[in-house]
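Shown next: work24.txt, containing compact mmCIF, N, CA and C atoms and all ligand atoms.
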# COMPACT_ATOMS: atom_id res chain seq x y z
N MET A 1 112.34 98.64 115.20
CA MET A 1 111.93 98.09 113.91
C MET A 1 110.60 97.33 114.07
N ARG A 2 109.73 97.46 113.08
CA ARG A 2 108.41 96.82 113.17
C ARG A 2 108.13 96.10 111.85
N ILE A 3 107.66 94.86 111.95
CA ILE A 3 107.27 94.11 110.75
C ILE A 3 105.75 94.14 110.66
N ARG A 4 105.24 94.47 109.50
CA ARG A 4 103.78 94.48 109.34
C ARG A 4 103.41 94.16 107.89
N GLN A 5 102.13 93.93 107.69
CA GLN A 5 101.64 93.64 106.34
C GLN A 5 101.73 94.89 105.46
N PHE A 6 102.05 94.68 104.19
CA PHE A 6 102.09 95.77 103.20
C PHE A 6 100.71 96.42 103.08
N ALA A 7 100.71 97.76 102.90
CA ALA A 7 99.49 98.49 102.56
C ALA A 7 99.84 99.39 101.36
N TRP A 8 98.85 99.71 100.53
CA TRP A 8 99.14 100.44 99.28
C TRP A 8 99.92 101.73 99.46
N PRO A 9 99.72 102.52 100.53
CA PRO A 9 100.54 103.73 100.69
C PRO A 9 102.04 103.43 100.78
N ASP A 10 102.41 102.16 101.03
CA ASP A 10 103.84 101.77 101.10
C ASP A 10 104.46 101.60 99.72
N TYR A 11 103.64 101.57 98.64
CA TYR A 11 104.15 101.08 97.36
C TYR A 11 105.41 101.81 96.88
N ASP A 12 105.40 103.16 96.89
CA ASP A 12 106.57 103.89 96.36
C ASP A 12 107.83 103.59 97.17
N ALA A 13 107.67 103.49 98.50
CA ALA A 13 108.83 103.19 99.35
C ALA A 13 109.33 101.76 99.10
N VAL A 14 108.41 100.84 98.91
CA VAL A 14 108.80 99.45 98.63
C VAL A 14 109.51 99.38 97.28
N ALA A 15 108.96 100.08 96.28
CA ALA A 15 109.60 100.08 94.95
C ALA A 15 111.01 100.66 95.05
N ALA A 16 111.18 101.70 95.88
CA ALA A 16 112.51 102.31 96.05
C ALA A 16 113.48 101.32 96.70
N VAL A 17 113.00 100.56 97.69
CA VAL A 17 113.87 99.55 98.33
C VAL A 17 114.28 98.50 97.30
N TRP A 18 113.32 98.00 96.53
CA TRP A 18 113.67 97.00 95.50
C TRP A 18 114.68 97.58 94.52
N ALA A 19 114.44 98.82 94.06
CA ALA A 19 115.32 99.42 93.05
C ALA A 19 116.73 99.64 93.59
N THR A 20 116.85 100.15 94.82
CA THR A 20 118.20 100.41 95.35
C THR A 20 118.91 99.11 95.68
N ALA A 21 118.14 98.04 95.92
CA ALA A 21 118.76 96.74 96.21
C ALA A 21 119.00 95.95 94.93
N GLY A 22 118.71 96.56 93.76
CA GLY A 22 118.97 95.89 92.49
C GLY A 22 117.96 94.81 92.16
N ARG A 23 116.80 94.85 92.82
CA ARG A 23 115.75 93.86 92.52
C ARG A 23 114.75 94.46 91.56
N GLU A 24 114.15 93.59 90.74
CA GLU A 24 113.11 94.03 89.81
C GLU A 24 111.91 94.54 90.62
N VAL A 25 111.35 95.66 90.20
CA VAL A 25 110.19 96.23 90.90
C VAL A 25 108.92 95.56 90.37
N VAL A 26 108.09 95.03 91.26
CA VAL A 26 106.82 94.42 90.84
C VAL A 26 105.86 95.56 90.49
N PRO A 27 105.35 95.59 89.24
CA PRO A 27 104.43 96.67 88.87
C PRO A 27 103.14 96.61 89.69
N ARG A 28 102.48 97.77 89.82
CA ARG A 28 101.26 97.85 90.65
C ARG A 28 100.22 96.82 90.24
N ALA A 29 100.00 96.64 88.93
CA ALA A 29 98.93 95.74 88.48
C ALA A 29 99.25 94.30 88.88
N GLU A 30 100.54 93.92 88.74
CA GLU A 30 100.95 92.56 89.11
C GLU A 30 100.78 92.35 90.63
N LEU A 31 101.11 93.41 91.36
CA LEU A 31 100.99 93.33 92.82
C LEU A 31 99.52 93.23 93.24
N ALA A 32 98.67 93.98 92.56
CA ALA A 32 97.23 93.94 92.88
C ALA A 32 96.70 92.52 92.68
N ALA A 33 97.17 91.84 91.62
CA ALA A 33 96.72 90.47 91.36
C ALA A 33 97.24 89.54 92.45
N LYS A 34 98.50 89.72 92.86
CA LYS A 34 99.06 88.88 93.93
C LYS A 34 98.26 89.06 95.23
N LEU A 35 97.86 90.32 95.51
CA LEU A 35 97.22 90.61 96.80
C LEU A 35 95.78 90.09 96.88
N THR A 36 95.25 89.57 95.76
CA THR A 36 93.93 88.92 95.85
C THR A 36 94.07 87.58 96.56
N ARG A 37 95.33 87.06 96.66
CA ARG A 37 95.62 85.82 97.41
C ARG A 37 96.64 86.16 98.49
N ASP A 38 96.57 85.50 99.58
CA ASP A 38 97.49 85.66 100.73
C ASP A 38 98.17 87.03 100.89
N PRO A 39 97.37 88.11 101.02
CA PRO A 39 97.98 89.43 101.24
C PRO A 39 98.76 89.50 102.55
N GLU A 40 98.43 88.62 103.49
CA GLU A 40 99.12 88.63 104.80
C GLU A 40 100.55 88.12 104.70
N LEU A 41 100.95 87.63 103.50
CA LEU A 41 102.32 87.13 103.33
C LEU A 41 103.23 88.16 102.64
N PHE A 42 102.72 89.35 102.37
CA PHE A 42 103.55 90.40 101.79
C PHE A 42 103.86 91.39 102.91
N LEU A 43 105.12 91.42 103.35
CA LEU A 43 105.49 92.13 104.57
C LEU A 43 106.50 93.24 104.32
N VAL A 44 106.41 94.28 105.13
CA VAL A 44 107.43 95.33 105.11
C VAL A 44 108.01 95.47 106.52
N ALA A 45 109.26 95.97 106.56
CA ALA A 45 109.90 96.30 107.84
C ALA A 45 110.04 97.81 107.90
N GLU A 46 109.54 98.39 108.99
CA GLU A 46 109.68 99.83 109.20
C GLU A 46 110.81 100.05 110.20
N ASP A 47 111.75 100.93 109.82
CA ASP A 47 112.83 101.30 110.73
C ASP A 47 112.62 102.79 110.98
N GLY A 48 112.15 103.17 112.17
CA GLY A 48 111.67 104.53 112.36
C GLY A 48 110.41 104.67 111.53
N LEU A 49 110.37 105.74 110.71
CA LEU A 49 109.18 105.93 109.87
C LEU A 49 109.38 105.39 108.47
N ALA A 50 110.61 104.97 108.16
CA ALA A 50 110.91 104.57 106.79
C ALA A 50 110.70 103.07 106.57
N VAL A 51 110.26 102.73 105.36
CA VAL A 51 110.22 101.31 104.96
C VAL A 51 111.65 100.93 104.60
N ALA A 52 112.23 100.00 105.37
CA ALA A 52 113.64 99.65 105.20
C ALA A 52 113.81 98.29 104.52
N GLY A 53 112.76 97.47 104.51
CA GLY A 53 112.89 96.14 103.93
C GLY A 53 111.55 95.60 103.52
N VAL A 54 111.60 94.58 102.65
CA VAL A 54 110.37 94.00 102.12
C VAL A 54 110.60 92.53 101.79
N VAL A 55 109.54 91.74 101.94
CA VAL A 55 109.58 90.35 101.48
C VAL A 55 108.17 89.96 101.03
N MET A 56 108.12 89.18 99.95
CA MET A 56 106.83 88.75 99.42
C MET A 56 106.76 87.23 99.51
N GLY A 57 105.79 86.74 100.25
CA GLY A 57 105.59 85.30 100.36
C GLY A 57 104.36 84.86 99.59
N THR A 58 104.36 83.60 99.15
CA THR A 58 103.16 83.03 98.56
C THR A 58 102.99 81.62 99.12
N TYR A 59 101.77 81.12 99.09
CA TYR A 59 101.51 79.74 99.51
C TYR A 59 100.46 79.16 98.58
N ASP A 60 100.81 78.05 97.92
CA ASP A 60 99.88 77.47 96.94
C ASP A 60 99.09 76.30 97.51
N GLY A 61 99.21 76.10 98.83
CA GLY A 61 98.50 74.99 99.47
C GLY A 61 99.41 73.78 99.66
N ARG A 62 100.56 73.79 99.00
CA ARG A 62 101.52 72.68 99.14
C ARG A 62 102.90 73.20 99.54
N ARG A 63 103.38 74.24 98.85
CA ARG A 63 104.69 74.82 99.14
C ARG A 63 104.57 76.33 99.33
N GLY A 64 105.42 76.84 100.22
CA GLY A 64 105.54 78.28 100.35
C GLY A 64 106.70 78.74 99.47
N TRP A 65 106.63 79.96 99.02
CA TRP A 65 107.73 80.58 98.26
C TRP A 65 108.07 81.93 98.88
N ILE A 66 109.35 82.22 98.94
CA ILE A 66 109.81 83.54 99.41
C ILE A 66 110.38 84.28 98.21
N LEU A 67 109.85 85.47 97.96
CA LEU A 67 110.21 86.22 96.76
C LEU A 67 110.60 87.65 97.14
N ARG A 68 111.50 88.22 96.31
CA ARG A 68 111.80 89.66 96.35
C ARG A 68 112.20 90.18 97.74
N LEU A 69 112.96 89.39 98.48
CA LEU A 69 113.48 89.91 99.76
C LEU A 69 114.51 91.01 99.45
N ALA A 70 114.38 92.14 100.09
CA ALA A 70 115.38 93.21 99.92
C ALA A 70 115.37 94.11 101.14
N VAL A 71 116.57 94.57 101.51
CA VAL A 71 116.72 95.55 102.58
C VAL A 71 117.50 96.73 101.99
N HIS A 72 117.05 97.93 102.30
CA HIS A 72 117.73 99.14 101.81
C HIS A 72 119.20 99.09 102.26
N PRO A 73 120.15 99.44 101.36
CA PRO A 73 121.57 99.35 101.72
C PRO A 73 121.94 100.07 103.01
N GLY A 74 121.26 101.17 103.33
CA GLY A 74 121.58 101.92 104.55
C GLY A 74 121.08 101.26 105.83
N HIS A 75 120.37 100.17 105.72
CA HIS A 75 119.77 99.52 106.91
C HIS A 75 120.23 98.05 107.07
N ARG A 76 121.27 97.67 106.34
CA ARG A 76 121.66 96.24 106.36
C ARG A 76 122.47 95.86 107.60
N ARG A 77 122.57 94.55 107.81
CA ARG A 77 123.32 93.92 108.91
C ARG A 77 122.80 94.38 110.27
N ARG A 78 121.50 94.62 110.34
CA ARG A 78 120.86 94.92 111.63
C ARG A 78 119.76 93.91 111.92
N GLY A 79 119.74 92.82 111.16
CA GLY A 79 118.76 91.77 111.44
C GLY A 79 117.39 91.99 110.80
N ILE A 80 117.29 93.00 109.90
CA ILE A 80 115.97 93.29 109.31
C ILE A 80 115.50 92.15 108.41
N ALA A 81 116.37 91.66 107.52
CA ALA A 81 115.96 90.57 106.63
C ALA A 81 115.63 89.32 107.45
N SER A 82 116.42 89.03 108.47
CA SER A 82 116.14 87.85 109.32
C SER A 82 114.78 87.99 109.98
N ALA A 83 114.46 89.21 110.45
CA ALA A 83 113.17 89.42 111.11
C ALA A 83 112.01 89.28 110.11
N LEU A 84 112.20 89.80 108.90
CA LEU A 84 111.15 89.66 107.88
C LEU A 84 110.90 88.19 107.55
N VAL A 85 111.99 87.45 107.35
CA VAL A 85 111.84 86.03 107.00
C VAL A 85 111.25 85.25 108.18
N GLY A 86 111.68 85.60 109.40
CA GLY A 86 111.15 84.91 110.60
C GLY A 86 109.64 85.10 110.72
N GLU A 87 109.18 86.33 110.50
CA GLU A 87 107.74 86.60 110.59
C GLU A 87 106.99 85.88 109.45
N LEU A 88 107.57 85.90 108.26
CA LEU A 88 106.93 85.20 107.13
C LEU A 88 106.85 83.70 107.41
N GLU A 89 107.92 83.13 107.95
CA GLU A 89 107.90 81.69 108.28
C GLU A 89 106.78 81.39 109.28
N GLN A 90 106.62 82.24 110.29
CA GLN A 90 105.56 82.02 111.28
C GLN A 90 104.19 82.03 110.61
N ARG A 91 104.01 82.98 109.70
CA ARG A 91 102.71 83.10 109.02
C ARG A 91 102.47 81.90 108.10
N LEU A 92 103.53 81.43 107.43
CA LEU A 92 103.39 80.24 106.57
C LEU A 92 103.08 79.01 107.41
N LYS A 93 103.77 78.87 108.54
CA LYS A 93 103.49 77.74 109.45
C LYS A 93 102.04 77.77 109.90
N ALA A 94 101.54 78.96 110.23
CA ALA A 94 100.16 79.09 110.70
C ALA A 94 99.16 78.65 109.63
N LEU A 95 99.58 78.74 108.34
CA LEU A 95 98.70 78.29 107.25
C LEU A 95 98.84 76.79 106.99
N GLY A 96 99.76 76.13 107.71
CA GLY A 96 99.97 74.69 107.52
C GLY A 96 101.02 74.36 106.48
N CYS A 97 101.81 75.33 106.08
CA CYS A 97 102.82 75.13 105.03
C CYS A 97 103.97 74.25 105.54
N PRO A 98 104.25 73.12 104.87
CA PRO A 98 105.29 72.21 105.38
C PRO A 98 106.70 72.48 104.85
N ARG A 99 106.85 73.20 103.74
CA ARG A 99 108.18 73.45 103.17
C ARG A 99 108.18 74.76 102.39
N VAL A 100 109.29 75.47 102.49
CA VAL A 100 109.40 76.77 101.83
C VAL A 100 110.57 76.74 100.85
N ASN A 101 110.36 77.28 99.65
CA ASN A 101 111.39 77.36 98.62
C ASN A 101 111.68 78.82 98.29
N LEU A 102 112.83 79.03 97.68
CA LEU A 102 113.15 80.37 97.17
C LEU A 102 114.19 80.23 96.09
N LEU A 103 114.36 81.29 95.31
CA LEU A 103 115.36 81.31 94.24
C LEU A 103 116.39 82.39 94.55
N VAL A 104 117.65 82.07 94.32
CA VAL A 104 118.71 83.07 94.49
C VAL A 104 119.73 82.86 93.36
N LEU A 105 120.17 83.95 92.76
CA LEU A 105 121.12 83.81 91.65
C LEU A 105 122.43 83.22 92.17
N PRO A 106 123.06 82.34 91.36
CA PRO A 106 124.28 81.66 91.86
C PRO A 106 125.43 82.59 92.16
N ASP A 107 125.46 83.80 91.54
CA ASP A 107 126.58 84.73 91.82
C ASP A 107 126.27 85.68 92.98
N ASN A 108 125.12 85.52 93.61
CA ASN A 108 124.76 86.38 94.76
C ASN A 108 125.32 85.76 96.04
N THR A 109 126.63 85.97 96.24
CA THR A 109 127.29 85.30 97.37
C THR A 109 126.73 85.78 98.71
N ALA A 110 126.44 87.11 98.81
CA ALA A 110 125.89 87.63 100.08
C ALA A 110 124.52 87.00 100.32
N GLY A 111 123.71 86.94 99.28
CA GLY A 111 122.38 86.33 99.42
C GLY A 111 122.47 84.87 99.82
N LEU A 112 123.39 84.14 99.19
CA LEU A 112 123.54 82.71 99.53
C LEU A 112 123.99 82.53 100.98
N ARG A 113 124.92 83.40 101.41
CA ARG A 113 125.39 83.33 102.80
C ARG A 113 124.23 83.60 103.75
N PHE A 114 123.46 84.63 103.43
CA PHE A 114 122.31 84.98 104.27
C PHE A 114 121.35 83.79 104.38
N TRP A 115 120.98 83.20 103.23
CA TRP A 115 119.99 82.11 103.27
C TRP A 115 120.53 80.89 104.00
N GLN A 116 121.81 80.59 103.78
CA GLN A 116 122.37 79.43 104.48
C GLN A 116 122.40 79.66 105.98
N GLU A 117 122.64 80.90 106.38
CA GLU A 117 122.62 81.26 107.81
C GLU A 117 121.25 80.94 108.42
N LEU A 118 120.20 81.11 107.61
CA LEU A 118 118.84 80.85 108.09
C LEU A 118 118.39 79.41 107.84
N GLY A 119 119.30 78.57 107.33
CA GLY A 119 118.96 77.15 107.18
C GLY A 119 118.40 76.75 105.83
N TYR A 120 118.49 77.65 104.82
CA TYR A 120 117.99 77.34 103.47
C TYR A 120 119.16 76.79 102.65
N LEU A 121 119.01 75.54 102.19
CA LEU A 121 120.12 74.86 101.53
C LEU A 121 119.88 74.79 100.02
N PRO A 122 120.93 74.96 99.21
CA PRO A 122 120.78 74.92 97.76
C PRO A 122 120.34 73.54 97.26
N MET A 123 119.56 73.52 96.19
CA MET A 123 119.13 72.29 95.53
C MET A 123 119.67 72.33 94.09
N PRO A 124 119.86 71.18 93.44
CA PRO A 124 120.46 71.19 92.09
C PRO A 124 119.48 71.51 90.97
N ASP A 125 118.19 71.72 91.28
CA ASP A 125 117.20 71.95 90.23
C ASP A 125 117.57 73.17 89.36
N VAL A 126 117.16 73.13 88.10
CA VAL A 126 117.36 74.26 87.20
C VAL A 126 116.00 74.91 86.97
N LEU A 127 115.94 76.23 87.11
CA LEU A 127 114.68 76.95 86.92
C LEU A 127 114.35 77.01 85.43
N CYS A 128 113.15 76.61 85.06
CA CYS A 128 112.65 76.75 83.69
C CYS A 128 111.45 77.67 83.73
N THR A 129 111.26 78.48 82.72
CA THR A 129 110.16 79.45 82.73
C THR A 129 109.64 79.69 81.32
N LYS A 130 108.40 80.09 81.20
CA LYS A 130 107.80 80.41 79.90
C LYS A 130 106.79 81.54 80.11
N ALA A 131 106.86 82.58 79.29
CA ALA A 131 105.90 83.68 79.41
C ALA A 131 104.57 83.25 78.79
N MET A 132 103.47 83.54 79.46
CA MET A 132 102.13 83.21 78.96
C MET A 132 101.64 84.37 78.11
N THR A 133 102.14 84.46 76.86
CA THR A 133 101.77 85.60 75.99
C THR A 133 100.59 85.24 75.12
C1 LIG B 201 120.64 89.73 101.53
C2 LIG B 201 119.93 90.85 102.31
C3 LIG B 201 118.43 90.73 102.15
C4 LIG B 201 120.33 90.74 103.80
O1 LIG B 201 119.64 91.74 104.54
P1 LIG B 201 120.12 92.16 106.03
O2 LIG B 201 118.98 92.84 106.72
O3 LIG B 201 121.39 92.91 105.95
O4 LIG B 201 120.38 90.72 106.69
P2 LIG B 201 120.53 90.39 108.27
O5 LIG B 201 121.04 91.60 108.99
O6 LIG B 201 119.26 89.80 108.76
O7 LIG B 201 121.67 89.27 108.20
C5 LIG B 201 121.59 88.03 108.92
C6 LIG B 201 122.86 87.24 108.68
O8 LIG B 201 122.99 86.87 107.29
C7 LIG B 201 124.38 86.91 106.91
N1 LIG B 201 124.60 88.00 105.95
C8 LIG B 201 123.76 89.03 105.66
N2 LIG B 201 124.32 89.83 104.71
C9 LIG B 201 125.53 89.29 104.42
C10 LIG B 201 126.59 89.68 103.53
N3 LIG B 201 126.51 90.79 102.75
N4 LIG B 201 127.69 88.90 103.49
C11 LIG B 201 127.80 87.79 104.25
N5 LIG B 201 126.83 87.38 105.14
C12 LIG B 201 125.71 88.13 105.19
C13 LIG B 201 125.17 87.21 108.19
O9 LIG B 201 125.46 85.97 108.81
C14 LIG B 201 124.14 88.01 108.99
O10 LIG B 201 124.39 87.98 110.40
P3 LIG B 201 125.48 89.04 111.03
O11 LIG B 201 125.14 90.41 110.49
O12 LIG B 201 125.24 88.90 112.51
O13 LIG B 201 126.83 88.57 110.57
C15 LIG B 201 120.40 92.26 101.80
O14 LIG B 201 121.82 92.28 101.74
C16 LIG B 201 119.86 92.63 100.42
O15 LIG B 201 118.80 93.24 100.30
N6 LIG B 201 120.59 92.26 99.35
C17 LIG B 201 120.17 92.57 97.97
C18 LIG B 201 118.97 91.73 97.53
C19 LIG B 201 119.21 90.25 97.76
O16 LIG B 201 120.29 89.72 97.48
N7 LIG B 201 118.17 89.57 98.27
C20 LIG B 201 118.24 88.16 98.69
C21 LIG B 201 118.48 87.23 97.62
S1 LIG B 201 116.99 86.53 96.99
Give the structure from the file, written as structure tokens.
Amino acid sequence: MRIRQFAWPDYDAVAAVWATAGREVVPRAELAAKLTRDPELFLVAEDGLAVAGVVMGTYDGRRGWILRLAVHPGHRRRGIASALVGELEQRLKALGCPRVNLLVLPDNTAGLRFWQELGYLPMPDVLCTKAMT
């Protein structure tokens, strides 16, 4: 297994991993805008020749965020998500990031178990959002 930075030829495979993992697929235009900042924080895991996992990190200069982590169902419980997050954490640390946040739905028990295993603890904050239309 190899962790590396996302490149555009990966897009269809990454979208397929998100879709099969039940995650919303980031449209190309949205991704292009994200990649104008910290492209080195958008990572894929290759298992053989296939893209088996993906994670998107961001850093705003104060906090890091981990977004859209997903591993293809046929490649789970082999440490791929842990390796993706480990590499992302190293890259965030190298940028001077002191704390990393992420969002996980409260009914995603597998996701919560995974994050707690890696030392990410739940906070009581409620997510608020507004579309900039
Ligand atoms: C959550 C997810 C990313 C884990 O990917 P993975 O590559 O299978 O994870 P790892 O192999 O690195 O797991 C590391 C540890 O996390 C825990 N863990 C992972 N999946 C788990 C599950 N389904 N149930 C309970 N614990 C789990 C285990 O302790 C595991 O270690 P072990 O296999 O030695 O027991 C994957 O199941 C997935 O893509 N789920 C759908 C999308 C999602 O929920 N994303 C994360 C929420 S934001």
Item to check | Residue contacts of stretch 44-61 of chain A (5 Å, only N, CA and C atoms) excluding same-chain residues fewer than 3 positions away, as a VMD selection string | outcome: chain A and resid 1 to 6 41 64 to 72
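Between atom CA of A:Glu89 and atom CA of A:Val104 the separation is 17.6 Å.
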Checklist entry - Got a sec to check which residues lie within 7 Å of ligand LIG 201 (chain B), using all atoms listed in the file, and send them as a ChimeraX atom specification? => result /A:21-23,67-73,75-83,102-105,108-115,117-118
Item to check | DSSP-assigned helix (DSSP H, G or I) members of stretch 42-122 of chain A, reported as a list in words | outcome: Pro73, Gly74, His75, Ile80, Ala81, Ser82, Ala83, Leu84, Val85, Gly86, Glu87, Leu88, Glu89, Gln90, Arg91, Leu92, Lys93, Ala94, Thr109, Ala110, Gly111, Leu112, Arg113, Phe114, Trp115, Gln116 and Glu117 of chain A
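Residues of stretch 21-58 of chain A carrying a DSSP assignment of strand (DSSP E or B), computed from the backbone, are Phe42, Leu43, Val44, Ala45, Glu46, Asp47, Ala50, Val51, Ala52, Gly53, Val54, Val55, Met56, Gly57 and Thr58 of chain A.
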Checklist entry - Of the candidates A:Pro39, A:Pro9, A:Gly119, A:Gly74, which shows the shortest atom-to-atom distance to A:Asn101, using only C-alpha atoms? => result A:Gly119
Checklist entry - What is the atom CA of A:Pro27-atom CA of A:Gln90 distance in Å, reported with one decimal? => result 26.8 Å
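Between atom CA of A:Leu31 and atom CA of A:Val14 the separation is 11.5 Å.
The nearest approach to A:Leu35 among the residues A:Ala7, A:Leu121, A:Ala94, A:Val100, with only C-alpha atoms taken into account, belongs to A:Ala7.
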